[in-house]
file query13.txt (compact mmCIF, C-alpha atoms and all ligand atoms)
# COMPACT_ATOMS: atom_id res chain seq x y z
CA MET Z 68 148.80 150.93 43.16
CA ASP Z 69 145.75 149.63 41.36
CA LYS Z 70 142.25 150.96 41.73
CA SER Z 71 140.84 148.22 43.97
CA GLN Z 72 143.83 148.50 46.34
CA ILE Z 73 143.41 152.28 46.64
CA ILE Z 74 139.69 151.88 47.32
CA SER Z 75 140.16 149.18 49.93
CA ASP Z 76 142.91 151.17 51.71
CA ASP Z 77 140.66 154.22 51.62
CA LYS Z 78 137.84 152.26 53.26
CA ASN Z 79 140.25 150.95 55.89
CA PHE Z 80 142.10 154.14 56.74
CA ILE Z 81 140.01 157.20 55.82
CA ALA Z 82 137.30 158.41 58.20
CA ASN Z 83 134.01 157.28 56.81
CA THR Z 84 132.51 160.68 56.04
CA TYR Z 85 132.10 160.53 52.25
CA ALA Z 86 129.90 158.49 49.92
CA ARG Z 87 132.56 158.50 47.22
CA PHE Z 88 131.88 157.76 43.56
CA ASN Z 89 133.66 154.81 41.98
CA ILE Z 90 136.55 156.67 40.36
CA VAL Z 91 140.19 157.19 41.31
CA VAL Z 92 141.17 160.52 39.79
CA LYS Z 93 144.73 160.46 38.51
CA GLU Z 94 145.32 163.52 36.38
CA GLY Z 95 143.73 165.84 33.90
CA HIS Z 96 143.83 168.84 31.67
CA GLY Z 97 141.18 171.55 31.42
CA ALA Z 98 137.78 169.86 31.56
CA LYS Z 99 139.29 166.39 30.97
CA ILE Z 100 139.98 164.00 33.81
CA ILE Z 101 141.82 160.71 33.46
CA ASP Z 102 141.28 157.98 36.04
CA SER Z 103 143.64 155.28 37.31
CA ASP Z 104 142.59 152.94 34.48
CA GLY Z 105 143.28 155.55 31.81
CA LYS Z 106 139.58 156.23 31.16
CA GLU Z 107 138.70 159.81 30.15
CA TYR Z 108 135.90 161.94 31.55
CA ILE Z 109 134.44 165.40 30.95
CA ASP Z 110 134.59 167.20 34.28
CA CYS Z 111 131.42 169.11 35.17
CA ALA Z 112 132.20 169.07 38.90
CA THR Z 113 135.60 170.84 39.14
CA GLY Z 114 136.10 169.37 42.62
CA ILE Z 115 132.93 171.21 43.74
CA GLY Z 116 133.63 174.42 41.89
CA VAL Z 117 137.28 174.67 42.88
CA ASN Z 118 139.27 174.01 39.69
CA ILE Z 119 137.65 177.03 38.12
CA PHE Z 120 139.91 177.16 35.02
CA GLY Z 121 140.07 173.38 34.83
CA ILE Z 122 142.85 171.04 35.78
CA ASN Z 123 146.48 171.88 35.17
CA ASP Z 124 145.64 175.35 33.89
CA GLU Z 125 148.88 176.76 32.52
CA GLU Z 126 148.69 180.27 33.91
CA TRP Z 127 147.68 179.10 37.37
CA THR Z 128 150.31 176.36 37.48
CA HIS Z 129 152.99 178.83 36.44
CA ALA Z 130 151.99 181.33 39.14
CA VAL Z 131 151.91 178.62 41.80
CA VAL Z 132 155.22 176.99 40.82
CA GLU Z 133 157.06 180.31 40.60
CA GLN Z 134 155.88 181.23 44.10
CA LEU Z 135 156.67 177.74 45.42
CA LYS Z 136 160.28 178.20 44.34
CA LYS Z 137 160.52 181.39 46.43
CA VAL Z 138 158.84 180.52 49.74
CA GLN Z 139 156.08 178.03 50.54
CA HIS Z 140 154.72 179.59 53.72
CA VAL Z 141 154.97 182.89 55.53
CA CYS Z 142 153.06 183.16 58.78
CA ASN Z 143 150.92 186.20 59.37
CA LEU Z 144 153.47 187.87 61.66
CA TYR Z 145 155.20 189.13 58.52
CA TYR Z 146 154.24 190.87 55.29
CA SER Z 147 154.22 188.97 52.00
CA GLU Z 148 153.57 190.18 48.49
CA PRO Z 149 151.13 187.56 47.09
CA GLN Z 150 148.69 188.06 49.99
CA THR Z 151 148.80 191.84 49.69
CA GLU Z 152 148.47 191.68 45.92
CA LEU Z 153 145.41 189.43 46.13
CA ALA Z 154 143.71 191.60 48.76
CA LYS Z 155 144.31 194.73 46.68
CA LEU Z 156 142.95 193.03 43.55
CA LEU Z 157 139.80 191.86 45.36
CA CYS Z 158 139.23 195.32 46.88
CA GLU Z 159 139.74 197.08 43.54
CA LYS Z 160 137.34 194.72 41.77
CA THR Z 161 134.57 194.71 44.39
CA GLY Z 162 134.86 197.94 46.35
CA ALA Z 163 135.62 196.01 49.55
CA LYS Z 164 137.81 197.90 52.01
CA LYS Z 165 139.64 195.06 53.78
CA VAL Z 166 140.11 191.31 53.34
CA PHE Z 167 140.79 188.56 55.87
CA PHE Z 168 142.19 185.33 54.42
CA GLY Z 169 141.53 181.86 55.82
CA ASN Z 170 141.83 178.41 54.25
CA SER Z 171 138.25 177.42 53.46
CA GLY Z 172 134.69 178.54 53.01
CA ALA Z 173 133.80 177.65 56.56
CA GLU Z 174 136.66 179.78 57.88
CA ALA Z 175 135.60 182.70 55.71
CA ASN Z 176 132.11 182.42 57.21
CA GLU Z 177 133.48 182.07 60.76
CA CYS Z 178 135.23 185.39 60.20
CA ALA Z 179 132.02 186.96 58.86
CA ILE Z 180 130.08 185.80 61.93
CA LYS Z 181 132.71 187.20 64.29
CA VAL Z 182 132.91 190.50 62.43
CA ALA Z 183 129.11 190.89 62.42
CA ARG Z 184 128.94 190.29 66.15
CA LYS Z 185 131.85 192.60 66.95
CA TYR Z 186 130.51 195.37 64.72
CA SER Z 187 127.31 195.25 66.69
CA TYR Z 188 129.07 194.94 70.05
CA ASP Z 189 131.27 197.96 69.33
CA LYS Z 190 128.27 200.08 68.38
CA TYR Z 191 125.39 198.81 70.49
CA GLY Z 192 126.96 196.84 73.36
CA GLU Z 193 126.03 193.34 74.47
CA GLY Z 194 123.00 191.32 73.40
CA ARG Z 195 122.72 192.21 69.72
CA TYR Z 196 124.28 189.06 68.32
CA GLU Z 197 121.65 187.13 66.39
CA ILE Z 198 122.18 186.21 62.77
CA ILE Z 199 119.30 185.23 60.51
CA THR Z 200 120.08 182.62 57.86
CA LEU Z 201 117.81 180.98 55.31
CA LYS Z 202 116.19 177.57 55.11
CA ASP Z 203 118.12 175.28 52.75
CA SER Z 204 121.29 177.34 53.07
CA PHE Z 205 124.73 175.82 53.51
CA HIS Z 206 127.49 177.70 55.28
CA GLY Z 207 130.03 175.06 56.34
CA ARG Z 208 130.92 172.27 58.77
CA THR Z 209 132.53 174.01 61.74
CA MET Z 210 130.30 174.34 64.81
CA ALA Z 211 129.34 177.96 64.07
CA THR Z 212 128.82 177.54 60.34
CA LEU Z 213 126.97 174.26 60.88
CA THR Z 214 124.66 176.13 63.22
CA ALA Z 215 124.28 178.85 60.60
CA THR Z 216 123.34 176.24 57.99
CA GLY Z 217 119.54 176.31 57.72
CA GLN Z 218 118.90 172.60 57.26
CA ASP Z 219 117.54 170.40 60.07
CA ALA Z 220 119.49 167.41 58.78
CA PHE Z 221 122.72 169.14 59.82
CA HIS Z 222 121.48 169.91 63.33
CA ARG Z 223 121.79 166.43 64.81
CA TYR Z 224 124.30 164.57 67.00
CA PHE Z 225 126.71 167.42 67.67
CA GLY Z 226 124.75 169.64 70.03
CA PRO Z 227 124.71 171.91 71.85
CA PHE Z 228 124.91 174.17 68.83
CA LEU Z 229 125.75 177.87 69.03
CA GLU Z 230 123.29 180.35 70.41
CA GLY Z 231 122.20 183.24 68.26
CA PHE Z 232 121.04 181.86 64.93
CA ARG Z 233 117.51 182.08 63.56
CA TYR Z 234 116.20 180.59 60.34
CA ALA Z 235 113.78 182.07 57.83
CA GLU Z 236 112.19 181.04 54.57
CA PRO Z 237 113.75 182.90 51.65
CA ASP Z 238 111.03 185.56 51.61
CA LEU Z 239 110.92 188.97 53.22
CA HIS Z 240 107.89 188.25 55.36
CA SER Z 241 109.51 185.23 56.97
CA ILE Z 242 112.83 187.03 57.46
CA ILE Z 243 111.10 189.97 59.15
CA SER Z 244 109.25 187.58 61.46
CA GLN Z 245 112.63 186.32 62.73
CA TYR Z 246 113.99 189.83 63.19
CA SER Z 247 114.25 191.46 66.62
CA GLU Z 248 116.36 194.10 68.40
CA LYS Z 249 118.88 191.26 68.92
CA THR Z 250 119.53 190.87 65.17
CA CYS Z 251 122.99 191.95 64.00
CA ALA Z 252 123.18 190.35 60.56
CA ILE Z 253 121.43 188.40 57.83
CA MET Z 254 123.42 185.89 55.82
CA VAL Z 255 122.35 184.66 52.37
CA GLU Z 256 123.68 182.71 49.40
CA VAL Z 257 122.50 184.59 46.31
CA VAL Z 258 122.47 181.20 44.58
CA GLN Z 259 122.12 178.38 47.09
CA GLY Z 260 124.50 175.64 45.99
CA GLU Z 261 124.26 172.59 48.21
CA SER Z 262 120.48 172.60 48.44
CA GLY Z 263 119.99 172.29 44.70
CA VAL Z 264 121.18 175.43 42.90
CA ASN Z 265 118.32 177.70 43.94
CA GLU Z 266 118.70 181.30 42.87
CA LEU Z 267 117.09 183.68 45.34
CA ASP Z 268 114.65 186.26 44.04
CA GLY Z 269 116.43 189.51 43.10
CA ASN Z 270 113.48 191.71 44.13
CA MET Z 271 113.35 190.06 47.52
CA LEU Z 272 117.10 190.58 47.96
CA LYS Z 273 116.85 194.28 47.04
CA LYS Z 274 114.08 194.77 49.59
CA LEU Z 275 116.05 192.81 52.16
CA GLU Z 276 119.00 195.11 51.54
CA SER Z 277 116.88 198.21 52.32
CA PHE Z 278 115.44 196.50 55.39
CA CYS Z 279 118.99 195.83 56.64
CA LYS Z 280 120.27 199.33 55.85
CA GLU Z 281 117.39 200.99 57.73
CA ARG Z 282 118.18 199.01 60.88
CA ASP Z 283 121.97 198.86 60.63
CA ILE Z 284 121.84 195.09 60.21
CA LEU Z 285 124.78 193.74 58.25
CA LEU Z 286 124.04 191.93 55.01
CA ILE Z 287 126.42 189.00 54.53
CA CYS Z 288 126.62 187.29 51.12
CA ASP Z 289 128.11 183.80 51.28
CA GLU Z 290 129.67 183.53 47.81
CA VAL Z 291 131.83 180.54 48.66
CA GLN Z 292 130.31 178.56 45.79
CA CYS Z 293 128.58 181.13 43.56
CA GLY Z 294 131.47 183.62 43.54
CA ASN Z 295 134.58 184.09 41.40
CA GLY Z 296 132.91 184.24 37.99
CA ARG Z 297 130.90 181.05 38.45
CA THR Z 298 127.51 182.69 37.76
CA GLY Z 299 128.68 185.01 34.98
CA TYR Z 300 129.29 187.78 37.52
CA LEU Z 301 132.49 188.21 39.52
CA TYR Z 302 130.25 187.82 42.59
CA ALA Z 303 126.63 186.80 42.19
CA TYR Z 304 125.28 189.72 44.26
CA GLU Z 305 126.34 191.99 41.37
CA ALA Z 306 123.59 190.42 39.26
CA TYR Z 307 121.06 192.25 41.44
CA ASP Z 308 123.13 195.36 42.16
CA LEU Z 309 123.28 194.52 45.87
CA HIS Z 310 125.67 196.23 48.27
CA PRO Z 311 126.48 193.69 50.97
CA ASP Z 312 128.53 194.65 54.04
CA ILE Z 313 130.46 191.37 54.14
CA VAL Z 314 131.16 188.93 51.31
CA THR Z 315 132.75 185.54 51.89
CA THR Z 316 134.26 183.34 49.23
CA ALA Z 317 136.50 180.28 48.78
CA LYS Z 318 136.14 177.28 46.40
CA GLY Z 319 136.98 178.76 42.94
CA LEU Z 320 139.05 181.61 44.41
CA GLY Z 321 142.18 179.50 44.82
CA GLY Z 322 141.84 177.63 41.53
CA GLY Z 323 142.74 174.40 43.33
CA LEU Z 324 144.61 175.33 46.49
CA PRO Z 325 142.84 175.92 49.80
CA ILE Z 326 141.97 179.55 50.47
CA GLY Z 327 139.02 181.48 51.83
CA ALA Z 328 138.40 185.21 51.93
CA CYS Z 329 136.16 187.38 54.04
CA MET Z 330 135.73 190.77 52.37
CA LEU Z 331 134.74 193.66 54.58
CA PHE Z 332 133.00 196.68 53.06
CA ASP Z 333 132.70 200.26 54.42
CA LYS Z 334 130.77 199.62 57.63
CA CYS Z 335 133.10 197.00 59.04
CA GLU Z 336 136.37 198.24 57.61
CA HIS Z 337 137.69 199.00 61.12
CA THR Z 338 135.88 196.29 63.09
CA LEU Z 339 138.88 193.99 63.48
CA SER Z 340 141.99 195.08 65.37
CA ALA Z 341 145.27 193.27 66.00
CA GLY Z 342 144.61 190.08 67.98
CA ASP Z 343 140.85 189.92 67.29
CA HIS Z 344 141.16 187.09 64.79
CA GLY Z 345 143.91 185.11 63.09
CA THR Z 346 145.19 181.94 61.45
CA THR Z 347 148.51 180.19 60.87
CA PHE Z 348 147.95 179.03 57.30
CA GLY Z 349 145.45 181.60 56.04
CA GLY Z 350 146.64 183.70 53.12
CA ASN Z 351 149.39 181.23 52.25
CA PRO Z 352 151.62 182.82 49.57
CA VAL Z 353 151.37 179.87 47.15
CA ALA Z 354 147.58 179.79 47.40
CA CYS Z 355 147.45 183.58 47.05
CA ALA Z 356 149.74 183.62 44.00
CA GLY Z 357 147.42 181.07 42.35
CA ALA Z 358 144.36 183.12 43.31
CA VAL Z 359 145.85 186.30 41.82
CA SER Z 360 146.18 184.46 38.50
CA ILE Z 361 142.50 183.46 38.75
CA ILE Z 362 140.92 186.75 39.84
CA GLY Z 363 143.15 188.72 37.45
CA ARG Z 364 141.59 186.89 34.50
CA ILE Z 365 137.94 187.28 35.46
CA ASP Z 366 137.08 190.27 33.30
CA ASN Z 367 133.94 191.35 31.47
CA SER Z 368 134.63 189.33 28.34
CA LEU Z 369 135.12 186.15 30.36
CA LEU Z 370 131.94 186.85 32.35
CA LEU Z 371 129.95 187.34 29.15
CA GLU Z 372 131.36 184.06 27.87
CA VAL Z 373 130.29 182.30 31.09
CA ARG Z 374 126.75 183.67 30.75
CA GLY Z 375 126.65 182.53 27.13
CA LYS Z 376 127.87 179.03 27.97
CA GLY Z 377 125.43 178.80 30.85
CA ALA Z 378 122.52 179.79 28.62
CA TYR Z 379 123.63 177.29 25.96
CA LEU Z 380 123.78 174.42 28.46
CA LYS Z 381 120.50 175.37 30.15
CA ASN Z 382 118.63 175.66 26.84
CA HIS Z 383 119.80 172.26 25.66
CA ILE Z 384 119.27 170.56 29.00
CA SER Z 385 115.71 171.87 29.29
CA LEU Z 386 114.88 170.10 26.01
CA ILE Z 387 115.96 166.67 27.31
CA LYS Z 388 113.11 164.26 27.95
CA ASN Z 389 112.34 163.71 31.68
CA VAL Z 390 113.91 167.01 32.71
CA LYS Z 391 111.41 168.80 34.93
CA ARG Z 392 113.27 172.02 35.67
CA VAL Z 393 116.66 173.62 35.11
CA SER Z 394 117.83 176.18 37.66
CA GLY Z 395 120.88 178.29 38.31
CA MET Z 396 122.94 181.14 36.92
CA GLY Z 397 125.87 181.05 34.52
CA LEU Z 398 127.89 177.86 34.89
CA MET Z 399 126.18 176.87 38.14
CA ILE Z 400 123.33 174.65 37.02
CA GLY Z 401 120.77 172.43 38.77
CA ILE Z 402 118.74 169.79 36.91
CA GLU Z 403 115.58 168.32 38.35
CA THR Z 404 114.45 165.07 36.75
CA ASN Z 405 112.05 162.28 37.57
CA ARG Z 406 114.79 160.03 39.00
CA PRO Z 407 117.17 160.12 41.99
CA ALA Z 408 120.09 162.43 41.27
CA ARG Z 409 122.67 159.97 42.60
CA GLU Z 410 121.53 157.31 40.13
CA ILE Z 411 121.91 159.75 37.23
CA ALA Z 412 125.32 160.89 38.45
CA GLU Z 413 126.54 157.27 38.62
CA LYS Z 414 125.26 156.50 35.12
CA CYS Z 415 126.92 159.65 33.78
CA LEU Z 416 130.19 158.56 35.40
CA ASP Z 417 129.98 155.17 33.65
CA LYS Z 418 129.64 157.00 30.34
CA GLY Z 419 132.49 159.41 31.02
CA LEU Z 420 130.85 162.50 32.51
CA ILE Z 421 131.47 163.72 36.06
CA VAL Z 422 128.55 165.61 37.60
CA LEU Z 423 127.56 166.52 41.15
CA THR Z 424 124.31 166.16 43.01
CA ALA Z 425 122.64 168.64 45.36
CA HIS Z 426 119.62 167.33 47.23
CA ASN Z 427 117.28 165.95 44.57
CA LYS Z 428 119.09 167.63 41.69
CA VAL Z 429 121.97 166.92 39.39
CA ARG Z 430 124.39 169.83 39.70
CA LEU Z 431 126.87 171.04 37.10
CA LEU Z 432 129.86 173.22 37.98
CA PRO Z 433 132.05 172.92 34.87
CA PRO Z 434 135.28 174.87 34.45
CA LEU Z 435 134.66 178.39 33.13
CA ASN Z 436 136.90 177.65 30.13
CA ILE Z 437 135.03 174.48 29.08
CA THR Z 438 134.98 174.30 25.28
CA LYS Z 439 131.97 174.02 22.96
CA ASN Z 440 132.97 170.46 22.04
CA GLU Z 441 133.24 169.45 25.67
CA MET Z 442 129.83 171.01 26.41
CA ASN Z 443 128.33 169.11 23.48
CA GLU Z 444 129.85 165.85 24.68
CA ALA Z 445 128.49 166.51 28.19
CA LEU Z 446 125.05 167.26 26.71
CA ARG Z 447 125.15 164.07 24.65
CA ILE Z 448 125.81 161.96 27.76
CA LEU Z 449 123.25 163.83 29.88
CA ASN Z 450 120.68 163.27 27.15
CA GLU Z 451 121.48 159.55 26.91
CA VAL Z 452 121.23 159.06 30.67
CA ILE Z 453 118.30 161.31 31.56
CA SER Z 454 116.01 160.57 28.62
CA GLN Z 455 116.24 156.79 29.12
C1 LIG F 501 131.21 174.75 50.23
C2 LIG F 501 130.52 175.86 50.91
C3 LIG F 501 130.90 176.30 52.19
C4 LIG F 501 131.97 175.59 53.01
O1 LIG F 501 133.20 175.68 52.40
P1 LIG F 501 134.39 174.69 52.87
O2 LIG F 501 135.57 175.15 52.07
O3 LIG F 501 133.97 173.30 52.58
O4 LIG F 501 134.58 174.93 54.32
C5 LIG F 501 130.24 177.39 52.72
N1 LIG F 501 129.26 178.02 52.04
C6 LIG F 501 128.87 177.62 50.82
C7 LIG F 501 127.81 178.38 50.10
C8 LIG F 501 129.48 176.52 50.21
O5 LIG F 501 129.07 176.10 49.00

call {"tool": "encode", "arguments": {"input": "query13.txt", "output": "structure tokens", "more": "lines below"}}
Ligand SMILES: *Cc1c(COP(=O)(O)O)cnc(C)c1O
result
Amino acid sequence: MDKSQIISDDKNFIANTYARFNIVVKEGHGAKIIDSDGKEYIDCATGIGVNIFGINDEEWTHAVVEQLKKVQHVCNLYYSEPQTELAKLLCEKTGAKKVFFGNSGAEANECAIKVARKYSYDKYGEGRYEIITLKDSFHGRTMATLTATGQDAFHRYFGPFLEGFRYAEPDLHSIISQYSEKTCAIMVEVVQGESGVNELDGNMLKKLESFCKERDILLICDEVQCGNGRTGYLYAYEAYDLHPDIVTTAKGLGGGLPIGACMLFDKCEHTLSAGDHGTTFGGNPVACAGAVSIIGRIDNSLLLEVRGKGAYLKNHISLIKNVKRVSGMGLMIGIETNRPAREIAEKCLDKGLIVLTAHNKVRLLPPLNITKNEMNEALRILNEVISQ
């Protein structure tokens, strides 16, 4: 099928929820994407941070295909090795005590919300159910996670939204002003992705952690986007030596297949019992086998490399004419310029570079194994487009 046919069928048959860019992705390798016309691109989007070792990564593909040949799905009534192996690996690497697997970031956050409320219910009884989230956060598209998302633009049309969420500016004073004896948890993204790659202040987060500990309020880190090596840390909270009670992740975890994880640390290790929560697809063995091959490779030398690449890109981007500010950590980068981000992203696409936008910023989430040459090519195109 040719490109215009695919696009017109898409417009006719796919629910109209996406402002898609004008490219039909056909295949790729590493940080290279090839479209339906055979045109090549450097991929600095990785399907929103999902293809974390690029496209068609050999190790990941091998792990996935080998598992696919054994069994494609095992429901959660039975044990299966890939799921257990992944949970053990995540616990060993983070200090988490238990993991619940779903299929997406939103599902990981749904689990976190339920665990926070049940932890509080078990210990303090009814009425202590409020969760404070931050302005400009993004936590997902289900009703609960949409409610948790601290952006007014998301709180239209679909009401009534869930009870029990309060929103604060990302500073301690504002968070404390939303706190009451009803508060059971505070949920933060250490680096806010969708709202423009805003890294929260480490000092503030440390103080927030003490505030939570003193009152037995659970600290939830939503690492759906900033986790899995993306920032140069396995999970971004490690950059500030935080000790969250719940950590959620998804996107890069599966390396391309849908998976979400809700990691439970000491306090809520025993909060969930049989029947409290569940899913048919969550923890799918093929997705888990792929994820094991991803998490198994994120070691200190890779993380150092990610920090180095991030610094290299940020330094060069900040020198480009018309760039006002470069934000982010590791290979999660936001670029503020004097022009609409969408316009820049479309011009980059024309020239063979795929980037994302996030609010008013251009956002880069390249694969962690992007090469120096590919980074230089991306920088060349960014410079051409932005400095114009
Ligand atoms: C993408 C994202 C989500 C939602 O994940 P889905 O897989 O789309 O449900 C939640 N939180 C953050 C921080 C995200 O970036």

call {"tool": "axis_aligned_box", "arguments": {"input": "query13.txt", "around": "ligand LIG 501 (chain F)", "padding_each_side": "3 Å", "output": "AutoDock Vina command-line options"}}
result
--center_x 131.7 --center_y 175.8 --center_z 51.7 --size_x 13.8 --size_y 11.1 --size_z 11.3

call {"tool": "residues_around", "arguments": {"input": "query13.txt", "residues": "Pro227 (chain Z)", "least_positions_apart": "6", "cutoff": "12 Å", "atoms": "all atoms listed in the file", "output": "CSV table (one decimal) with C-alpha atoms, in the coordinates of the input"}}
result
chain,number,residue,atom,x,y,z
Z,210,MET,CA,130.3,174.3,64.8
Z,211,ALA,CA,129.3,178.0,64.1
Z,213,LEU,CA,127.0,174.3,60.9
Z,214,THR,CA,124.7,176.1,63.2

call {"tool": "residues_near_ligand", "arguments": {"input": "query13.txt", "ligand": "ligand LIG 501 (chain F)", "cutoff": "8 Å", "atoms": "all atoms listed in the file", "output": "PyMOL selection string"}}
result
chain Z and resi 115+170-176+204-209+212+256+259-261+289-293+316-318+325-327

call {"tool": "atom_distance", "arguments": {"input": "query13.txt", "atom1": "CA of Lys414 (chain Z)", "atom2": "CA of Ala112 (chain Z)"}}
result
14.8 Å

call {"tool": "closest_residue", "arguments": {"input": "query13.txt", "among": "Z:Ser360, Z:Thr338, Z:Ser277, Z:Asn295", "to": "Val132 (chain Z)", "atoms": "only C-alpha atoms"}}
result
Z:Ser360

call {"tool": "closest_residue", "arguments": {"input": "query13.txt", "among": "Z:Lys181, Z:His222, Z:Lys439, Z:Lys391", "to": "Asp343 (chain Z)", "atoms": "only C-alpha atoms"}}
result
Z:Lys181
